[in-house]
>>> print(open('start_31.csv').read())   # CSV, N, CA and C atoms and all ligand atoms
chain,number,residue,atom,x,y,z
A,1,MET,N,82.1,114.1,77.0
A,1,MET,CA,82.0,113.7,78.5
A,1,MET,C,81.3,112.4,78.6
A,2,THR,N,81.8,111.5,79.3
A,2,THR,CA,81.1,110.2,79.5
A,2,THR,C,80.1,110.4,80.6
A,3,ILE,N,79.2,109.4,80.7
A,3,ILE,CA,78.2,109.4,81.8
A,3,ILE,C,78.9,109.4,83.2
A,4,ASN,N,80.0,108.6,83.3
A,4,ASN,CA,80.7,108.5,84.6
A,4,ASN,C,81.3,109.8,85.0
A,5,GLU,N,82.0,110.5,84.0
A,5,GLU,CA,82.6,111.8,84.4
A,5,GLU,C,81.5,112.8,84.8
A,6,HIS,N,80.4,112.8,84.1
A,6,HIS,CA,79.3,113.7,84.5
A,6,HIS,C,78.8,113.4,85.9
A,7,ALA,N,78.7,112.1,86.2
A,7,ALA,CA,78.2,111.7,87.5
A,7,ALA,C,79.1,112.2,88.6
A,8,SER,N,80.4,112.0,88.4
A,8,SER,CA,81.4,112.4,89.4
A,8,SER,C,81.4,113.9,89.6
A,9,VAL,N,81.2,114.7,88.6
A,9,VAL,CA,81.2,116.1,88.7
A,9,VAL,C,80.0,116.5,89.6
A,10,SER,N,78.8,116.0,89.3
A,10,SER,CA,77.7,116.4,90.1
A,10,SER,C,77.7,115.9,91.5
A,11,LEU,N,78.3,114.7,91.7
A,11,LEU,CA,78.4,114.2,93.0
A,11,LEU,C,79.3,115.1,93.9
A,12,ALA,N,80.4,115.6,93.3
A,12,ALA,CA,81.4,116.4,94.0
A,12,ALA,C,80.9,117.9,94.1
A,13,GLN,N,79.8,118.2,93.5
A,13,GLN,CA,79.4,119.6,93.5
A,13,GLN,C,79.3,120.3,94.8
A,14,PRO,N,78.8,119.6,95.9
A,14,PRO,CA,78.7,120.2,97.2
A,14,PRO,C,80.1,120.5,97.7
A,15,TYR,N,81.1,119.6,97.4
A,15,TYR,CA,82.5,119.9,97.9
A,15,TYR,C,83.0,121.1,97.2
A,16,VAL,N,82.9,121.2,95.9
A,16,VAL,CA,83.4,122.3,95.1
A,16,VAL,C,82.8,123.6,95.5
A,17,GLU,N,81.5,123.6,95.7
A,17,GLU,CA,80.8,124.8,96.1
A,17,GLU,C,81.2,125.2,97.5
A,18,GLY,N,81.4,124.2,98.4
A,18,GLY,CA,81.9,124.5,99.7
A,18,GLY,C,83.2,125.3,99.7
A,19,LEU,N,84.2,124.8,98.8
A,19,LEU,CA,85.5,125.5,98.7
A,19,LEU,C,85.3,126.9,98.3
A,20,ALA,N,84.4,127.2,97.4
A,20,ALA,CA,84.2,128.6,97.0
A,20,ALA,C,83.7,129.4,98.1
A,21,GLU,N,83.1,128.8,99.1
A,21,GLU,CA,82.6,129.6,100.3
A,21,GLU,C,83.6,129.4,101.5
A,22,GLN,N,84.8,128.8,101.1
A,22,GLN,CA,85.8,128.6,102.1
A,22,GLN,C,85.4,127.6,103.2
A,23,LEU,N,84.6,126.6,102.8
A,23,LEU,CA,84.2,125.6,103.7
A,23,LEU,C,84.7,124.2,103.1
A,24,LEU,N,85.2,123.4,104.0
A,24,LEU,CA,85.7,122.1,103.7
A,24,LEU,C,84.6,121.1,104.0
A,25,ARG,N,84.0,120.5,103.0
A,25,ARG,CA,82.9,119.6,103.3
A,25,ARG,C,83.3,118.1,103.1
A,26,TYR,N,82.5,117.3,103.7
A,26,TYR,CA,82.8,115.8,103.6
A,26,TYR,C,81.4,115.1,103.7
A,27,GLN,N,81.4,113.9,103.2
A,27,GLN,CA,80.2,113.1,103.3
A,27,GLN,C,80.2,112.3,104.6
A,28,HIS,N,79.1,112.4,105.2
A,28,HIS,CA,78.9,111.7,106.5
A,28,HIS,C,77.8,110.6,106.3
A,29,CYS,N,78.2,109.4,106.7
A,29,CYS,CA,77.3,108.2,106.6
A,29,CYS,C,76.4,108.1,107.8
A,30,GLU,N,75.0,108.2,107.5
A,30,GLU,CA,74.1,108.1,108.6
A,30,GLU,C,74.0,106.7,109.2
A,31,SER,N,74.5,105.7,108.5
A,31,SER,CA,74.4,104.3,108.9
A,31,SER,C,75.5,103.9,109.9
A,32,CYS,N,76.8,104.3,109.5
A,32,CYS,CA,77.9,103.8,110.3
A,32,CYS,C,78.7,105.0,110.8
A,33,ALA,N,78.3,106.3,110.5
A,33,ALA,CA,79.1,107.5,110.9
A,33,ALA,C,80.4,107.6,110.3
A,34,GLY,N,80.7,106.8,109.2
A,34,GLY,CA,81.9,107.0,108.4
A,34,GLY,C,82.0,108.3,107.8
A,35,ALA,N,83.2,108.8,107.5
A,35,ALA,CA,83.3,110.1,106.8
A,35,ALA,C,84.3,109.9,105.6
A,36,GLN,N,83.9,110.6,104.5
A,36,GLN,CA,84.7,110.5,103.3
A,36,GLN,C,84.6,111.8,102.6
A,37,THR,N,85.7,112.2,101.9
A,37,THR,CA,85.7,113.5,101.2
A,37,THR,C,85.6,113.3,99.7
A,38,PHE,N,86.0,112.1,99.2
A,38,PHE,CA,85.8,111.9,97.7
A,38,PHE,C,84.4,111.4,97.5
A,39,ALA,N,83.6,112.2,96.9
A,39,ALA,CA,82.2,112.0,96.8
A,39,ALA,C,81.9,110.6,96.1
A,40,HIS,N,81.0,109.9,96.7
A,40,HIS,CA,80.6,108.6,96.2
A,40,HIS,C,79.1,108.5,96.3
A,41,ASP,N,78.5,107.5,95.6
A,41,ASP,CA,77.1,107.2,95.7
A,41,ASP,C,76.8,106.5,97.0
A,42,ALA,N,77.8,105.8,97.5
A,42,ALA,CA,77.6,105.0,98.7
A,42,ALA,C,78.8,105.1,99.7
A,43,CYS,N,78.6,104.7,100.9
A,43,CYS,CA,79.6,104.8,101.9
A,43,CYS,C,80.7,103.8,101.6
A,44,GLN,N,82.0,104.3,101.7
A,44,GLN,CA,83.1,103.4,101.4
A,44,GLN,C,83.3,102.4,102.5
A,45,PHE,N,82.7,102.6,103.7
A,45,PHE,CA,82.9,101.7,104.8
A,45,PHE,C,81.8,100.6,104.9
A,46,CYS,N,80.6,101.0,104.7
A,46,CYS,CA,79.5,100.0,104.9
A,46,CYS,C,78.6,99.9,103.7
A,47,GLY,N,78.8,100.7,102.7
A,47,GLY,CA,78.0,100.6,101.5
A,47,GLY,C,76.6,101.2,101.5
A,48,ALA,N,76.2,101.8,102.6
A,48,ALA,CA,74.9,102.4,102.7
A,48,ALA,C,74.9,103.7,101.8
A,49,GLU,N,73.7,104.0,101.4
A,49,GLU,CA,73.6,105.2,100.5
A,49,GLU,C,73.0,106.4,101.2
A,50,THR,N,73.0,106.3,102.6
A,50,THR,CA,72.4,107.3,103.4
A,50,THR,C,73.5,108.3,103.7
A,51,LEU,N,74.0,109.1,102.7
A,51,LEU,CA,75.1,110.0,102.9
A,51,LEU,C,74.6,111.4,102.9
A,52,SER,N,75.1,112.2,103.8
A,52,SER,CA,74.8,113.6,103.8
A,52,SER,C,76.1,114.4,103.9
A,53,TRP,N,76.0,115.7,103.5
A,53,TRP,CA,77.2,116.5,103.5
A,53,TRP,C,77.3,117.3,104.8
A,54,ARG,N,78.5,117.3,105.4
A,54,ARG,CA,78.8,118.1,106.6
A,54,ARG,C,80.0,119.0,106.4
A,55,THR,N,80.1,120.0,107.2
A,55,THR,CA,81.3,120.9,107.0
A,55,THR,C,82.3,120.6,108.1
A,56,SER,N,83.5,120.4,107.7
A,56,SER,CA,84.6,120.1,108.6
A,56,SER,C,85.1,121.3,109.4
A,57,SER,N,85.6,121.1,110.5
A,57,SER,CA,86.3,122.2,111.3
A,57,SER,C,87.5,122.7,110.6
A,58,GLY,N,88.0,121.8,109.6
A,58,GLY,CA,89.3,122.2,108.9
A,58,GLY,C,90.5,121.8,109.7
A,59,HIS,N,90.4,121.2,110.9
A,59,HIS,CA,91.5,120.8,111.6
A,59,HIS,C,91.8,119.3,111.3
A,60,GLY,N,93.1,119.0,111.3
A,60,GLY,CA,93.4,117.6,111.0
A,60,GLY,C,94.9,117.4,111.2
A,61,ARG,N,95.4,116.2,110.7
A,61,ARG,CA,96.8,115.8,110.9
A,61,ARG,C,97.3,115.2,109.6
A,62,VAL,N,98.5,115.6,109.3
A,62,VAL,CA,99.1,115.2,108.0
A,62,VAL,C,99.5,113.7,108.0
A,63,LEU,N,99.0,113.0,106.9
A,63,LEU,CA,99.2,111.6,106.8
A,63,LEU,C,100.3,111.4,105.8
A,64,ALA,N,100.4,112.2,104.7
A,64,ALA,CA,101.4,112.0,103.7
A,64,ALA,C,101.7,113.3,103.0
A,65,VAL,N,102.9,113.5,102.6
A,65,VAL,CA,103.3,114.7,101.9
A,65,VAL,C,104.1,114.4,100.7
A,66,THR,N,103.8,115.2,99.6
A,66,THR,CA,104.6,115.1,98.4
A,66,THR,C,104.9,116.5,97.9
A,67,VAL,N,106.1,116.7,97.3
A,67,VAL,CA,106.4,117.9,96.6
A,67,VAL,C,106.3,117.7,95.1
A,68,VAL,N,105.5,118.5,94.5
A,68,VAL,CA,105.3,118.4,93.0
A,68,VAL,C,106.1,119.5,92.4
A,69,ALA,N,107.1,119.0,91.6
A,69,ALA,CA,108.1,119.9,90.9
A,69,ALA,C,107.5,120.2,89.6
A,70,ARG,N,106.9,119.2,88.9
A,70,ARG,CA,106.4,119.4,87.6
A,70,ARG,C,104.9,119.3,87.6
A,71,ALA,N,104.2,120.4,87.4
A,71,ALA,CA,102.7,120.3,87.5
A,71,ALA,C,102.1,119.4,86.4
A,72,PRO,N,101.1,118.7,86.8
A,72,PRO,CA,100.4,117.7,85.9
A,72,PRO,C,99.6,118.4,84.8
A,73,SER,N,99.3,119.7,84.9
A,73,SER,CA,98.5,120.3,83.9
A,73,SER,C,98.8,121.8,83.9
A,74,ASP,N,98.3,122.5,82.8
A,74,ASP,CA,98.6,123.9,82.7
A,74,ASP,C,98.0,124.7,83.9
A,75,TYR,N,96.9,124.2,84.4
A,75,TYR,CA,96.2,124.9,85.5
A,75,TYR,C,97.1,125.0,86.7
A,76,PHE,N,97.9,124.0,87.0
A,76,PHE,CA,98.8,124.0,88.2
A,76,PHE,C,100.2,124.5,87.9
A,77,ARG,N,100.5,124.8,86.6
A,77,ARG,CA,101.9,125.1,86.2
A,77,ARG,C,102.5,126.3,87.0
A,78,SER,N,101.7,127.3,87.1
A,78,SER,CA,102.2,128.6,87.7
A,78,SER,C,102.4,128.4,89.2
A,79,LEU,N,101.9,127.3,89.8
A,79,LEU,CA,102.0,127.1,91.2
A,79,LEU,C,103.3,126.3,91.6
A,80,ALA,N,103.8,125.6,90.6
A,80,ALA,CA,104.9,124.6,90.8
A,80,ALA,C,106.2,125.4,91.1
A,81,PRO,N,107.1,124.8,92.0
A,81,PRO,CA,106.9,123.6,92.8
A,81,PRO,C,105.9,123.9,93.9
A,82,TYR,N,105.1,122.9,94.3
A,82,TYR,CA,104.2,123.1,95.4
A,82,TYR,C,104.1,121.8,96.2
A,83,THR,N,103.6,121.9,97.4
A,83,THR,CA,103.5,120.8,98.3
A,83,THR,C,102.1,120.3,98.4
A,84,LEU,N,101.9,119.0,98.3
A,84,LEU,CA,100.5,118.5,98.5
A,84,LEU,C,100.6,117.6,99.7
A,85,ALA,N,99.5,117.6,100.5
A,85,ALA,CA,99.4,116.8,101.7
A,85,ALA,C,98.1,116.0,101.7
A,86,VAL,N,98.1,114.8,102.2
A,86,VAL,CA,96.9,114.1,102.5
A,86,VAL,C,96.7,114.3,104.0
A,87,VAL,N,95.5,114.8,104.3
A,87,VAL,CA,95.3,115.1,105.7
A,87,VAL,C,94.1,114.3,106.2
A,88,THR,N,94.2,113.7,107.4
A,88,THR,CA,93.1,113.1,108.1
A,88,THR,C,92.4,114.1,108.9
A,89,LEU,N,91.2,114.5,108.5
A,89,LEU,CA,90.5,115.5,109.3
A,89,LEU,C,90.0,115.0,110.6
A,90,ASP,N,89.8,115.9,111.6
A,90,ASP,CA,89.4,115.5,112.9
A,90,ASP,C,88.1,114.6,112.8
A,91,GLU,N,87.3,114.9,111.8
A,91,GLU,CA,86.0,114.2,111.6
A,91,GLU,C,86.3,112.8,111.0
A,92,GLY,N,87.5,112.5,110.6
A,92,GLY,CA,87.8,111.1,110.1
A,92,GLY,C,88.0,111.0,108.6
A,93,ALA,N,87.5,112.0,107.9
A,93,ALA,CA,87.7,111.9,106.4
A,93,ALA,C,89.1,112.3,106.0
A,94,ARG,N,89.6,111.7,104.9
A,94,ARG,CA,90.9,112.1,104.4
A,94,ARG,C,90.7,113.0,103.2
A,95,VAL,N,91.5,114.0,103.1
A,95,VAL,CA,91.4,115.0,102.0
A,95,VAL,C,92.8,115.3,101.5
A,96,MET,N,92.9,115.5,100.2
A,96,MET,CA,94.2,116.0,99.7
A,96,MET,C,94.1,117.4,99.3
A,97,GLY,N,95.1,118.2,99.7
A,97,GLY,CA,95.1,119.6,99.4
A,97,GLY,C,96.5,120.1,99.3
A,98,HIS,N,96.6,121.4,98.9
A,98,HIS,CA,97.9,122.0,98.9
A,98,HIS,C,98.3,122.2,100.4
A,99,ALA,N,99.6,122.4,100.6
A,99,ALA,CA,100.1,122.5,102.0
A,99,ALA,C,101.3,123.4,102.0
A,100,ALA,N,101.5,124.0,103.2
A,100,ALA,CA,102.7,124.9,103.4
A,100,ALA,C,103.9,124.1,103.1
A,101,ALA,N,104.9,124.7,102.5
A,101,ALA,CA,106.2,124.1,102.2
A,101,ALA,C,106.9,123.6,103.5
A,102,GLY,N,107.4,122.5,103.6
A,102,GLY,CA,108.1,122.0,104.7
A,102,GLY,C,107.3,121.3,105.8
A,103,ILE,N,106.0,121.2,105.5
A,103,ILE,CA,105.1,120.5,106.4
A,103,ILE,C,105.5,119.1,106.6
A,104,GLN,N,105.3,118.6,107.8
A,104,GLN,CA,105.7,117.2,108.2
A,104,GLN,C,104.6,116.3,108.4
A,105,ILE,N,104.9,115.0,108.1
A,105,ILE,CA,103.9,113.9,108.5
A,105,ILE,C,103.7,113.9,110.0
A,106,GLY,N,102.4,113.9,110.3
A,106,GLY,CA,102.0,113.8,111.8
A,106,GLY,C,101.7,115.2,112.3
A,107,GLU,N,102.1,116.3,111.6
A,107,GLU,CA,101.9,117.6,112.0
A,107,GLU,C,100.4,118.0,112.1
A,108,ALA,N,100.0,118.7,113.1
A,108,ALA,CA,98.6,119.2,113.2
A,108,ALA,C,98.5,120.4,112.2
A,109,VAL,N,97.4,120.4,111.5
A,109,VAL,CA,97.2,121.5,110.5
A,109,VAL,C,95.8,122.0,110.5
A,110,MET,N,95.6,123.1,109.8
A,110,MET,CA,94.3,123.7,109.7
A,110,MET,C,94.1,124.1,108.2
A,111,ALA,N,92.9,123.9,107.7
A,111,ALA,CA,92.7,124.3,106.3
A,111,ALA,C,92.5,125.8,106.1
A,112,THR,N,93.3,126.3,105.2
A,112,THR,CA,93.0,127.7,104.7
A,112,THR,C,92.7,127.6,103.2
A,113,PHE,N,92.4,128.7,102.7
A,113,PHE,CA,91.9,128.7,101.3
A,113,PHE,C,92.6,129.8,100.5
A,114,PHE,N,92.8,129.5,99.2
A,114,PHE,CA,93.4,130.5,98.3
A,114,PHE,C,92.7,130.4,96.9
A,115,LYS,N,92.7,131.5,96.2
A,115,LYS,CA,92.1,131.6,94.9
A,115,LYS,C,93.2,131.3,93.9
A,116,HIS,N,93.0,130.4,93.0
A,116,HIS,CA,93.9,130.2,91.9
A,116,HIS,C,93.0,130.2,90.6
A,117,LEU,N,93.3,131.2,89.8
A,117,LEU,CA,92.5,131.4,88.5
A,117,LEU,C,91.0,131.5,89.0
A,118,ASP,N,90.2,130.6,88.4
A,118,ASP,CA,88.8,130.7,88.7
A,118,ASP,C,88.3,129.8,89.9
A,119,GLN,N,89.2,129.1,90.6
A,119,GLN,CA,88.8,128.2,91.6
A,119,GLN,C,89.4,128.5,92.9
A,120,THR,N,88.7,128.1,94.0
A,120,THR,CA,89.2,128.2,95.3
A,120,THR,C,89.8,126.9,95.7
A,121,LEU,N,91.0,126.9,96.2
A,121,LEU,CA,91.7,125.6,96.6
A,121,LEU,C,92.0,125.6,98.1
A,122,VAL,N,92.2,124.5,98.6
A,122,VAL,CA,92.5,124.4,100.0
A,122,VAL,C,94.0,124.3,100.2
A,123,ARG,N,94.5,124.9,101.2
A,123,ARG,CA,95.9,124.8,101.6
A,123,ARG,C,96.0,124.6,103.1
A,124,PHE,N,96.7,123.5,103.5
A,124,PHE,CA,96.8,123.2,104.9
A,124,PHE,C,98.1,123.9,105.5
A,125,GLU,N,97.9,124.6,106.6
A,125,GLU,CA,98.9,125.3,107.3
A,125,GLU,C,99.1,124.7,108.7
A,126,PRO,N,100.4,124.7,109.2
A,126,PRO,CA,100.6,124.2,110.5
A,126,PRO,C,99.7,124.9,111.5
A,127,HIS,N,99.2,124.1,112.5
A,127,HIS,CA,98.3,124.7,113.5
A,127,HIS,C,98.5,124.0,114.8
A,128,PRO,N,99.6,124.4,115.5
A,128,PRO,CA,100.0,123.6,116.7
A,128,PRO,C,98.9,123.7,117.8
B,201,ZN,ZN,78.6,103.8,106.2
>>> encode(input="start_31.csv", output="structure tokens")
Amino acid sequence: MTINEHASVSLAQPYVEGLAEQLLRYQHCESCAGAQTFAHDACQFCGAETLSWRTSSGHGRVLAVTVVARAPSDYFRSLAPYTLAVVTLDEGARVMGHAAAGIQIGEAVMATFFKHLDQTLVRFEPHP
């Protein structure tokens, strides 16, 4: 494991632990109020390091959808084919997660959670 990989694992730890508790967490910037879900040392908008973790309502809107026919790893193989969506959460952060089949760009969704092997994953379901 390189130093970089180690850093990203520990940075994302609050996100991963949140999923296990069926919570969708994101980083909130105290300086500019920007929101991001991919854990960083600094705010992607203003560069400040005053980041704290908050819990999302789980509500958002679909920005992009893709159907994965061939899983990229053994871990995901038993789930294929599956739908992935990039969702803009109401809080402003973007997060990628599994999604209900047939979900549409622009659709309002809500995060649900499911257990796959040893991990809890997010799945977005339509929520009109
Ligand atoms: Zn910021």
>>> atom_distance(input="start_31.csv", atom1="atom N of Cys43 in chain A", atom2="CA of Ala111 in chain A")
24.7 Å
>>> closest_residue(input="start_31.csv", among="A:Glu30, A:Glu91, A:Glu49, A:Glu125", to="Phe113 in chain A", atoms="all atoms listed in the file")
A:Glu125
>>> residues_around(input="start_31.csv", residues="Val16 in chain A", least_positions_apart="6", cutoff="8 Å", atoms="only N, CA and C atoms", output="count of residues only")
4
>>> residues_around(input="start_31.csv", residues="Ala48 in chain A", least_positions_apart="5", cutoff="8 Å", atoms="only N, CA and C atoms", output="JSON list (two decimals) with N, CA and C atoms, in the frame of the given file")
[["chain", "number", "residue", "atom", "x", "y", "z"],
["A", 29, "CYS", "N", 78.20, 109.40, 106.70],
["A", 29, "CYS", "CA", 77.30, 108.20, 106.60],
["A", 29, "CYS", "C", 76.40, 108.10, 107.80],
["A", 30, "GLU", "N", 75.00, 108.20, 107.50],
["A", 30, "GLU", "CA", 74.10, 108.10, 108.60],
["A", 30, "GLU", "C", 74.00, 106.70, 109.20],
["A", 31, "SER", "N", 74.50, 105.70, 108.50],
["A", 31, "SER", "CA", 74.40, 104.30, 108.90],
["A", 31, "SER", "C", 75.50, 103.90, 109.90],
["A", 32, "CYS", "N", 76.80, 104.30, 109.50],
["A", 32, "CYS", "CA", 77.90, 103.80, 110.30],
["A", 32, "CYS", "C", 78.70, 105.00, 110.80],
["A", 41, "ASP", "N", 78.50, 107.50, 95.60],
["A", 41, "ASP", "CA", 77.10, 107.20, 95.70],
["A", 41, "ASP", "C", 76.80, 106.50, 97.00],
["A", 42, "ALA", "N", 77.80, 105.80, 97.50],
["A", 42, "ALA", "CA", 77.60, 105.00, 98.70],
["A", 42, "ALA", "C", 78.80, 105.10, 99.70],
["A", 43, "CYS", "N", 78.60, 104.70, 100.90],
["A", 43, "CYS", "CA", 79.60, 104.80, 101.90],
["A", 43, "CYS", "C", 80.70, 103.80, 101.60]]
>>> closest_residue(input="start_31.csv", among="A:Thr66, A:Thr37, A:Ser78, A:Gln44", to="Val95 in chain A", atoms="all atoms listed in the file")
A:Thr37
>>> select_by_dssp(input="start_31.csv", residues="chain A", states="helix (DSSP H, G or I)", output="PyMOL selection string")
chain A and resi 3-11+13-20+74-77
>>> atom_distance(input="start_31.csv", atom1="CA of Ser56 in chain A", atom2="atom N of Phe124 in chain A")
13.6 Å
>>> closest_residue(input="start_31.csv", among="A:Leu24, A:Val65, A:Cys46, A:Leu84", to="ligand ZN 201 (chain B)", atoms="all atoms listed in the file")
A:Cys46
>>> select_by_dssp(input="start_31.csv", residues="chain A", states="strand (DSSP E)", output="PyMOL selection string")
chain A and resi 25-29+35-36+51-55+59-68+82-89+94-99+108-116+119-126
>>> residues_around(input="start_31.csv", residues="His98 in chain A", least_positions_apart="6", cutoff="6.5 Å", atoms="all atoms listed in the file", output="tab-separated table (two decimals) with N, CA and C atoms, in the coordinates of the input")
chain	number	residue	atom	x	y	z
A	83	THR	N	103.60	121.90	97.40
A	83	THR	CA	103.50	120.80	98.30
A	83	THR	C	102.10	120.30	98.40
A	84	LEU	N	101.90	119.00	98.30
A	84	LEU	CA	100.50	118.50	98.50
A	84	LEU	C	100.60	117.60	99.70
A	85	ALA	N	99.50	117.60	100.50
A	85	ALA	CA	99.40	116.80	101.70
A	85	ALA	C	98.10	116.00	101.70
A	121	LEU	N	91.00	126.90	96.20
A	121	LEU	CA	91.70	125.60	96.60
A	121	LEU	C	92.00	125.60	98.10
A	122	VAL	N	92.20	124.50	98.60
A	122	VAL	CA	92.50	124.40	100.00
A	122	VAL	C	94.00	124.30	100.20
A	123	ARG	N	94.50	124.90	101.20
A	123	ARG	CA	95.90	124.80	101.60
A	123	ARG	C	96.00	124.60	103.10
A	124	PHE	N	96.70	123.50	103.50
A	124	PHE	CA	96.80	123.20	104.90
A	124	PHE	C	98.10	123.90	105.50
>>> atom_distance(input="start_31.csv", atom1="CA of Val87 in chain A", atom2="CA of Pro128 in chain A")
14.7 Å
>>> closest_residue(input="start_31.csv", among="A:Ala64, A:Ala100, A:Leu117, A:Ala12", to="His40 in chain A", atoms="only N, CA and C atoms")
A:Ala12
>>> residues_around(input="start_31.csv", residues="Tyr75 in chain A", least_positions_apart="4", cutoff="8 Å", atoms="only N, CA and C atoms", output="list of chain:residue names")
A:Ala71, A:Leu79, A:Ala80, A:His116, A:Leu117
>>> closest_residue(input="start_31.csv", among="A:Leu19, A:Leu11, A:Leu51, A:Val67", to="ligand ZN 201 (chain B)", atoms="all atoms listed in the file")
A:Leu51
>>> closest_residue(input="start_31.csv", among="A:Pro81, A:Pro72, A:Gly60, A:Gly92", to="Met110 in chain A", atoms="only N, CA and C atoms")
A:Gly60
>>> closest_atom_pairs(input="start_31.csv", of="range 60-97 of chain A", to="range 103-109 of chain A", cutoff="5 Å", atoms="all atoms listed in the file", output="Markdown table")
| residue | atom | partner | partner_atom | distance |
| --- | --- | --- | --- | --- |
| A:Gly60 | C | A:Val109 | N | 3.9 |
| A:Arg61 | CA | A:Glu107 | C | 4.4 |
| A:Val62 | C | A:Gly106 | N | 3.7 |
| A:Leu63 | N | A:Gly106 | N | 4.9 |
